[in-house]
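Pasted below: run-v6.cif, mmCIF, C-alpha atoms.
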```cif
data_work
loop_
_atom_site.label_atom_id
_atom_site.label_comp_id
_atom_site.auth_asym_id
_atom_site.auth_seq_id
_atom_site.Cartn_x
_atom_site.Cartn_y
_atom_site.Cartn_z
CA MET A 1 -6.90 -9.57 -10.45
CA LYS A 2 -7.05 -5.80 -10.54
CA THR A 3 -4.71 -4.06 -12.94
CA THR A 4 -2.01 -1.67 -11.79
CA ASN A 5 -4.02 1.27 -13.12
CA GLU A 6 -7.17 0.16 -11.27
CA ILE A 7 -5.28 -0.05 -7.98
CA LYS A 8 -3.57 3.31 -8.57
CA LYS A 9 -6.97 4.90 -9.17
CA TRP A 10 -8.43 3.20 -6.07
CA LEU A 11 -5.54 4.44 -3.89
CA LYS A 12 -6.03 8.00 -5.13
CA GLU A 13 -9.82 7.96 -4.65
CA ASN A 14 -9.92 6.16 -1.31
CA LEU A 15 -6.70 7.25 0.39
CA GLY A 16 -5.76 10.45 -1.43
CA VAL A 17 -2.34 8.98 -2.21
CA THR A 18 -0.73 9.54 -5.61
CA VAL A 19 1.46 6.58 -6.53
CA LYS A 20 3.46 4.93 -9.23
CA GLY A 21 3.34 1.18 -9.52
CA ASN A 22 3.94 -2.01 -11.41
CA THR A 23 3.15 -5.70 -11.52
CA SER A 24 6.13 -8.04 -11.54
CA ALA A 25 6.59 -10.41 -14.44
CA GLY A 26 7.49 -13.28 -12.13
CA ARG A 27 5.27 -16.18 -11.18
CA ALA A 28 3.93 -14.43 -8.04
CA HIS A 29 2.85 -11.26 -9.92
CA TRP A 30 3.67 -8.94 -7.02
CA GLN A 31 1.88 -5.62 -7.35
CA SER A 32 4.04 -2.85 -5.94
CA PHE A 33 3.16 0.83 -5.47
CA TYR A 34 5.22 3.70 -4.16
CA VAL A 35 4.90 7.40 -3.47
CA PRO A 36 7.49 9.17 -5.62
CA CYS A 37 10.03 11.25 -3.72
CA ASP A 38 11.04 14.79 -4.59
CA ARG A 39 14.07 15.39 -6.76
CA LEU A 40 16.75 17.09 -4.71
CA PRO A 41 20.32 18.12 -5.47
CA ASN A 42 21.62 15.48 -3.04
CA PRO A 43 20.56 12.02 -4.29
CA HIS A 44 21.29 10.50 -0.85
CA VAL A 45 18.48 12.46 0.83
CA LEU A 46 14.88 11.38 0.33
CA GLN A 47 12.17 13.97 0.83
CA TYR A 48 8.46 13.58 0.15
CA SER A 49 5.96 16.35 -0.46
CA LEU A 50 3.17 13.86 -1.26
CA PRO A 51 1.28 12.10 1.56
CA GLU A 52 2.29 8.68 2.83
CA PHE A 53 0.05 5.62 2.97
CA PRO A 54 -2.17 6.11 6.05
CA PRO A 55 -1.00 4.15 9.11
CA GLU A 56 -4.39 2.44 9.58
CA PHE A 57 -4.32 1.25 5.96
CA ARG A 58 -0.80 -0.11 6.42
CA LYS A 59 -1.93 -1.94 9.57
CA LEU A 60 -4.76 -3.53 7.57
CA CYS A 61 -2.22 -4.61 4.93
CA ILE A 62 -0.01 -6.15 7.64
CA ARG A 63 -2.97 -8.03 9.17
CA THR A 64 -3.78 -9.37 5.70
CA VAL A 65 -0.24 -10.39 4.73
CA TYR A 66 0.75 -11.69 8.18
CA PRO A 67 -2.52 -13.00 9.68
CA THR A 68 -0.83 -15.27 12.24
CA SER A 69 1.64 -12.73 13.63
CA PRO A 70 -0.12 -10.62 16.30
CA THR A 71 3.13 -8.88 17.25
CA LEU A 72 3.28 -7.32 13.77
CA HIS A 73 -0.38 -6.22 13.89
CA THR A 74 0.46 -3.27 16.15
CA GLN A 75 3.16 -1.97 13.79
CA THR A 76 2.70 0.29 10.78
CA SER A 77 5.57 -1.17 8.77
CA ALA A 78 6.68 -4.77 8.18
CA GLY A 79 8.22 -6.61 5.26
CA ASN A 80 6.92 -5.10 2.01
CA ILE A 81 4.57 -2.74 3.86
CA GLU A 82 6.30 0.60 4.35
CA LYS A 83 5.41 4.25 4.83
CA TYR A 84 5.89 5.14 1.15
CA ARG A 85 5.84 1.69 -0.52
CA LEU A 86 3.48 -1.29 -0.52
CA ALA A 87 3.89 -4.61 -2.32
CA MET A 88 1.41 -7.49 -2.10
CA HIS A 89 0.06 -10.36 -4.14
CA PRO A 90 -3.08 -9.66 -6.22
CA ALA A 91 -5.38 -11.63 -3.88
CA GLU A 92 -4.05 -9.63 -0.90
CA TRP A 93 -4.73 -6.34 -2.70
CA GLU A 94 -8.29 -7.45 -3.44
CA LEU A 95 -8.87 -8.42 0.18
CA VAL A 96 -7.34 -5.22 1.59
CA MET A 97 -9.33 -2.97 -0.75
CA THR A 98 -12.61 -4.76 0.04
CA ASN A 99 -11.98 -4.72 3.79
CA TRP A 100 -11.01 -1.02 3.73
CA GLN A 101 -14.23 -0.10 1.96
CA LEU A 102 -16.30 -2.25 4.36
CA ARG A 103 -14.52 -0.72 7.34
CA ASN A 104 -15.19 2.80 6.12
CA ALA A 105 -18.83 2.05 5.28
CA PHE A 106 -19.31 0.68 8.81
CA HIS A 107 -17.69 3.73 10.46
CA GLN A 108 -19.77 6.32 8.62
#
```
Would you give me this structure, written as structure tokens?
Amino acid sequence: MKTTNEIKKWLKENLGVTVKGNTSAGRAHWQSFYVPCDRLPNPHVLQYSLPEFPPEFRKLCIRTVYPTSPTLHTQTSAGNIEKYRLAMHPAEWELVMTNWQLRNAFHQ
């Protein structure tokens, strides 16, 4: 299992996304990461100056988390996979990170 800091570093180096994150204390040990939003005078408006998680990366996350749901595979958001927030189990993070690196090595 990768630590929160290892995943944060990987996301910055491989996707250029600066995130905050945590690992839940529950039995499932969800690892959740989010892009912090800007502080604005109106707390009901969310605005981001930092980049979002790339759509192709989110699609890979969806294919990993929901392998038997082809209708979701064309979407860029589903369940805990969102534009500015991702949450997955440790084994899913490991698989996604490995597959992303393999995919990029193949396309270079």
Taking 2 positions as the minimum chain separation for residues in the same chain, which residues sit within 7 Å of His73 of chain A when counting all atoms listed in the file? Answer as a CSV table (one decimal) with C-alpha atoms, in the frame of the given file.
```csv
chain,number,residue,atom,x,y,z
A,59,LYS,CA,-1.9,-1.9,9.6
A,62,ILE,CA,0.0,-6.2,7.6
A,63,ARG,CA,-3.0,-8.0,9.2
A,69,SER,CA,1.6,-12.7,13.6
A,70,PRO,CA,-0.1,-10.6,16.3
A,71,THR,CA,3.1,-8.9,17.2
A,75,GLN,CA,3.2,-2.0,13.8
```
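Close contacts of Lys8 of chain A, defined as residues with an atom at most 8 Å away when counting all atoms listed in the file, with chain neighbours fewer than 5 positions off set aside, comprise A:Thr18, A:Val19, A:Lys20, A:Gly21, A:Phe33.
Once segment 90-102 of chain A and its same-chain neighbours fewer than 4 positions away are set aside, Met1, Lys2, Thr3, Ile7, Trp10, Leu11, Asn14, Ala28, His29, Trp30, Gln31, Phe57, Leu60, Cys61, Thr64, Val65, Phe106 and His107 of chain A remain within 9 Å of it when counting all atoms listed in the file.
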For the residues in the current selection, export C-alpha atoms as a CSV table (one decimal), in the frame of the given file.
```csv
chain,number,residue,atom,x,y,z
A,1,MET,CA,-6.9,-9.6,-10.4
A,2,LYS,CA,-7.0,-5.8,-10.5
A,3,THR,CA,-4.7,-4.1,-12.9
A,7,ILE,CA,-5.3,0.0,-8.0
A,10,TRP,CA,-8.4,3.2,-6.1
A,11,LEU,CA,-5.5,4.4,-3.9
A,14,ASN,CA,-9.9,6.2,-1.3
A,28,ALA,CA,3.9,-14.4,-8.0
A,29,HIS,CA,2.8,-11.3,-9.9
A,30,TRP,CA,3.7,-8.9,-7.0
A,31,GLN,CA,1.9,-5.6,-7.4
A,57,PHE,CA,-4.3,1.2,6.0
A,60,LEU,CA,-4.8,-3.5,7.6
A,61,CYS,CA,-2.2,-4.6,4.9
A,64,THR,CA,-3.8,-9.4,5.7
A,65,VAL,CA,-0.2,-10.4,4.7
A,106,PHE,CA,-19.3,0.7,8.8
A,107,HIS,CA,-17.7,3.7,10.5
```
Just need the box for segment 103-106 of chain A, edges along x, y and z, holding every atom the file lists for it with 8 Å tacked onto each side, so centre and edge lengths in Å to one decimal, as lines of an AutoDock Vina configuration file.
```
center_x = -16.9
center_y = 1.0
center_z = 7.0
size_x = 20.8
size_y = 19.5
size_z = 19.5
```
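Residues in contact with Lys83 of chain A at 6 Å, where all atoms listed in the file are counted and same-chain residues fewer than 2 positions away are skipped, are listed as Glu52, Phe53 and Arg85 of chain A.
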**Prompt:** atom CA of Ser32 of chain A to atom CA of Arg103 of chain A: how many Å, to one decimal?
**Reply:** 22.9 Å
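Restricting the calculation to only C-alpha atoms, the smallest distance between Leu72 of chain A and any of A:Pro43, A:Tyr34, A:Arg58, A:Tyr84 is found for A:Arg58.
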**Complete:** Taken to one decimal, the atom CA of Ala78 of chain A-atom CA of Glu13 of chain A distance is 24.5 Å
**Request:** May I ask which of the residues A:Ile81, A:Thr68, A:Met88, A:Asn104 is the closest one to Thr4 of chain A, counting all atoms listed in the file?
**Result:** A:Met88
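The interatomic distance for the pair atom CA of Gly79 of chain A and atom CA of Tyr66 of chain A works out to 9.5 Å.
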**Request:** List the neighbours of Leu50 of chain A out to 9 Å using all atoms listed in the file; skip same-chain residues closer than 5 positions along the sequence, and give me the result as number ranges by chain.
**Result:** A: 17-18, 35-38
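Nearest to Pro51 of chain A of all the residues A:Lys12, A:Ser77, A:His89, A:Pro67 is A:Lys12, based on all atoms listed in the file.
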